[in-house]
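The block underneath contains the structure these notes are about, expressed in C-alpha cells.
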Amino acid sequence: MPQMMRDIIAGVVRAEPDLELVGEIEAAETLPTRARRMRPDLVIAGATPTLASVTRELLGDYPRLRIIEVEAEGRRGSLYELSPRRRKLGELSPESLVAVAREQL
C-alpha cells in the first residue's frame, strides 16, 4: 500500500478515541509474525497477491481477527472474517472504514 494511503488510514484510526493503532508493517509476508506477537483485533492491509494466503493463515490461527483489505486506489475495500468469506465493502470513506472497525462479531 502506498505510504500516502497508509498515512491517511493511520490518521483516520488515530482520530477515533475508541480505536488504537498498535503497529504498521510494510510487507504482507511479515504480517503473521507481527500478528502473533501483537494479537490485534483488526488488520488493515493493502491488496496484494500475498494477502490471500496470509489471510487464510491468520484467520485459521485467530478466528476473531478481522482483516480489511484496501484496494490499490484506496476507494474500495473488502472485509475478511472467519467464515471464511469476503464481504465487499464498496466505496471507502473514513466513516465507513471506522464503522467496519467498530462492528462486533
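Identifiers in this document derive from the order of the C-alpha cells: chains are assigned A, B, ..., residues are numbered from 1 separately in each chain, and ligands are numbered from 1 in order of occurrence.
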### Message
as a PyMOL selection string, please: the residues near stretch 85-95 of chain A (cut-off 12 Å, only C-alpha atoms, same-chain neighbours under 2 positions excluded).
### Response
chain A and resi 5+8-16+52+55-56+59+66-83+97-102
Written selection (N, CA, C and O atoms) as a compact mmCIF listing (two decimals), in the first residue's frame:
# COMPACT_ATOMS: atom_id res chain seq x y z
N MET A 5 -1.39 6.46 1.33
CA MET A 5 -2.62 5.77 1.72
C MET A 5 -2.50 5.26 3.15
O MET A 5 -3.43 5.37 3.94
N ILE A 8 -2.98 8.16 5.51
CA ILE A 8 -4.39 8.58 5.60
C ILE A 8 -5.16 7.63 6.50
O ILE A 8 -5.89 8.06 7.40
N ILE A 9 -5.00 6.33 6.29
CA ILE A 9 -5.72 5.35 7.10
C ILE A 9 -5.28 5.43 8.56
O ILE A 9 -6.12 5.40 9.47
N ALA A 10 -4.00 5.57 8.80
CA ALA A 10 -3.50 5.69 10.18
C ALA A 10 -4.09 6.93 10.83
O ALA A 10 -4.49 6.90 12.01
N GLY A 11 -4.19 8.03 10.10
CA GLY A 11 -4.80 9.25 10.64
C GLY A 11 -6.26 9.06 10.99
O GLY A 11 -6.73 9.55 12.01
N VAL A 12 -6.98 8.33 10.14
CA VAL A 12 -8.40 8.05 10.40
C VAL A 12 -8.54 7.25 11.70
O VAL A 12 -9.37 7.55 12.56
N VAL A 13 -7.71 6.21 11.85
CA VAL A 13 -7.78 5.37 13.05
C VAL A 13 -7.38 6.17 14.29
O VAL A 13 -8.06 6.12 15.32
N ARG A 14 -6.30 6.92 14.20
CA ARG A 14 -5.83 7.70 15.36
C ARG A 14 -6.83 8.78 15.80
O ARG A 14 -6.84 9.17 16.96
N ALA A 15 -7.65 9.25 14.88
CA ALA A 15 -8.62 10.30 15.20
C ALA A 15 -9.81 9.78 16.00
O ALA A 15 -10.59 10.56 16.55
N GLU A 16 -9.93 8.47 16.11
CA GLU A 16 -11.05 7.86 16.83
C GLU A 16 -10.61 7.47 18.24
O GLU A 16 -9.71 6.65 18.39
N ALA A 52 -3.92 -12.95 0.31
CA ALA A 52 -4.88 -14.06 0.38
C ALA A 52 -4.34 -15.22 1.21
O ALA A 52 -5.04 -15.75 2.08
N THR A 55 -4.01 -14.16 4.84
CA THR A 55 -5.33 -14.08 5.46
C THR A 55 -5.81 -15.46 5.90
O THR A 55 -6.29 -15.63 7.02
N ARG A 56 -5.65 -16.45 5.04
CA ARG A 56 -6.07 -17.81 5.41
C ARG A 56 -5.31 -18.29 6.64
O ARG A 56 -5.88 -18.86 7.56
N LEU A 59 -6.51 -16.15 9.84
CA LEU A 59 -7.87 -16.47 10.29
C LEU A 59 -7.94 -17.87 10.88
O LEU A 59 -8.73 -18.13 11.77
N ARG A 66 -10.31 -9.76 12.24
CA ARG A 66 -10.91 -9.26 11.01
C ARG A 66 -9.83 -8.52 10.23
O ARG A 66 -8.98 -7.88 10.83
N ILE A 67 -9.86 -8.67 8.92
CA ILE A 67 -8.86 -8.04 8.06
C ILE A 67 -9.58 -7.20 7.02
O ILE A 67 -10.40 -7.71 6.25
N ILE A 68 -9.30 -5.90 7.02
CA ILE A 68 -9.82 -5.01 5.98
C ILE A 68 -8.76 -4.91 4.90
O ILE A 68 -7.62 -4.52 5.17
N GLU A 69 -9.13 -5.29 3.69
CA GLU A 69 -8.23 -5.21 2.54
C GLU A 69 -8.60 -3.94 1.76
O GLU A 69 -9.74 -3.75 1.37
N VAL A 70 -7.63 -3.06 1.57
CA VAL A 70 -7.84 -1.81 0.84
C VAL A 70 -7.24 -1.96 -0.55
O VAL A 70 -6.06 -2.29 -0.68
N GLU A 71 -8.06 -1.75 -1.58
CA GLU A 71 -7.57 -1.86 -2.95
C GLU A 71 -6.62 -0.72 -3.27
O GLU A 71 -6.62 0.31 -2.60
N ALA A 72 -5.83 -0.90 -4.31
CA ALA A 72 -4.71 -0.01 -4.62
C ALA A 72 -5.07 1.47 -4.67
O ALA A 72 -4.32 2.29 -4.17
N GLU A 73 -6.21 1.81 -5.24
CA GLU A 73 -6.54 3.23 -5.36
C GLU A 73 -7.12 3.79 -4.06
O GLU A 73 -7.29 4.98 -3.93
N GLY A 74 -7.41 2.91 -3.10
CA GLY A 74 -7.87 3.35 -1.80
C GLY A 74 -9.34 3.69 -1.72
O GLY A 74 -9.83 4.11 -0.68
N ARG A 75 -10.08 3.49 -2.78
CA ARG A 75 -11.50 3.85 -2.78
C ARG A 75 -12.41 2.66 -2.49
O ARG A 75 -13.59 2.85 -2.20
N ARG A 76 -11.89 1.46 -2.58
CA ARG A 76 -12.70 0.27 -2.34
C ARG A 76 -11.95 -0.67 -1.39
O ARG A 76 -10.74 -0.63 -1.30
N GLY A 77 -12.72 -1.51 -0.74
CA GLY A 77 -12.11 -2.46 0.17
C GLY A 77 -12.98 -3.67 0.38
O GLY A 77 -14.12 -3.72 -0.08
N SER A 78 -12.45 -4.64 1.09
CA SER A 78 -13.16 -5.86 1.44
C SER A 78 -12.86 -6.19 2.88
O SER A 78 -11.81 -5.81 3.41
N LEU A 79 -13.77 -6.94 3.50
CA LEU A 79 -13.57 -7.39 4.87
C LEU A 79 -13.47 -8.91 4.87
O LEU A 79 -14.35 -9.59 4.35
N TYR A 80 -12.38 -9.44 5.42
CA TYR A 80 -12.22 -10.87 5.61
C TYR A 80 -12.55 -11.19 7.06
O TYR A 80 -12.02 -10.56 7.98
N GLU A 81 -13.41 -12.17 7.24
CA GLU A 81 -13.76 -12.65 8.58
C GLU A 81 -13.73 -14.16 8.52
O GLU A 81 -13.90 -14.75 7.45
N LEU A 82 -13.57 -14.79 9.66
CA LEU A 82 -13.57 -16.24 9.65
C LEU A 82 -14.97 -16.72 9.34
O LEU A 82 -15.90 -16.52 10.10
N SER A 83 -15.13 -17.23 8.22
CA SER A 83 -16.32 -17.93 7.77
C SER A 83 -15.86 -19.08 6.90
O SER A 83 -16.53 -20.08 6.92
N LEU A 97 -14.85 3.11 6.94
CA LEU A 97 -13.73 2.34 7.48
C LEU A 97 -13.86 2.21 9.00
O LEU A 97 -13.73 1.14 9.57
N VAL A 98 -14.18 3.32 9.67
CA VAL A 98 -14.34 3.31 11.12
C VAL A 98 -15.55 2.47 11.51
O VAL A 98 -15.51 1.71 12.49
N ALA A 99 -16.64 2.55 10.76
CA ALA A 99 -17.84 1.75 11.07
C ALA A 99 -17.52 0.26 11.01
O ALA A 99 -17.95 -0.50 11.90
N VAL A 100 -16.76 -0.19 10.02
CA VAL A 100 -16.38 -1.60 9.92
C VAL A 100 -15.45 -1.97 11.07
O VAL A 100 -15.58 -3.05 11.65
N ALA A 101 -14.55 -1.09 11.43
CA ALA A 101 -13.63 -1.37 12.54
C ALA A 101 -14.38 -1.56 13.85
O ALA A 101 -13.96 -2.33 14.71
N ARG A 102 -15.50 -0.89 14.01
CA ARG A 102 -16.27 -0.97 15.25
C ARG A 102 -17.26 -2.12 15.29
O ARG A 102 -17.81 -2.43 16.34
### Task
Write down as a ChimeraX atom specification the residues of chain A whose backbone DSSP state falls under alpha helix (DSSP H).
/A:3-14,31-38,49-61,94-102
### Query
So which residues of chain A fall under strand (DSSP E or B) by DSSP, listed as an NGL selection string?
:A and (42-46 or 66-70 or 76-81 or 85-91)
### Message
Could you check the closest approach to A:Leu19 for each of A:Met1, A:Leu51, A:Leu42, A:Leu31 and tell me which residue wins, using only C-alpha atoms?
### Response
A:Leu42
### Query
Quick one: of A:Arg37, A:Ser96, A:Val54, A:Arg6, who's nearest to A:Ile25, counting only C-alpha atoms?
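For A:Ile25, the nearest of the candidates is A:Arg6.
One finds atom CA of A:Ala45 at 15.6 Å from atom CA of A:Glu20.
For the choices A:Asp18, A:Glu24, A:Glu29, A:Asp7, the atom-to-atom distance to A:Glu57 is smallest for A:Glu29 when using only C-alpha atoms.
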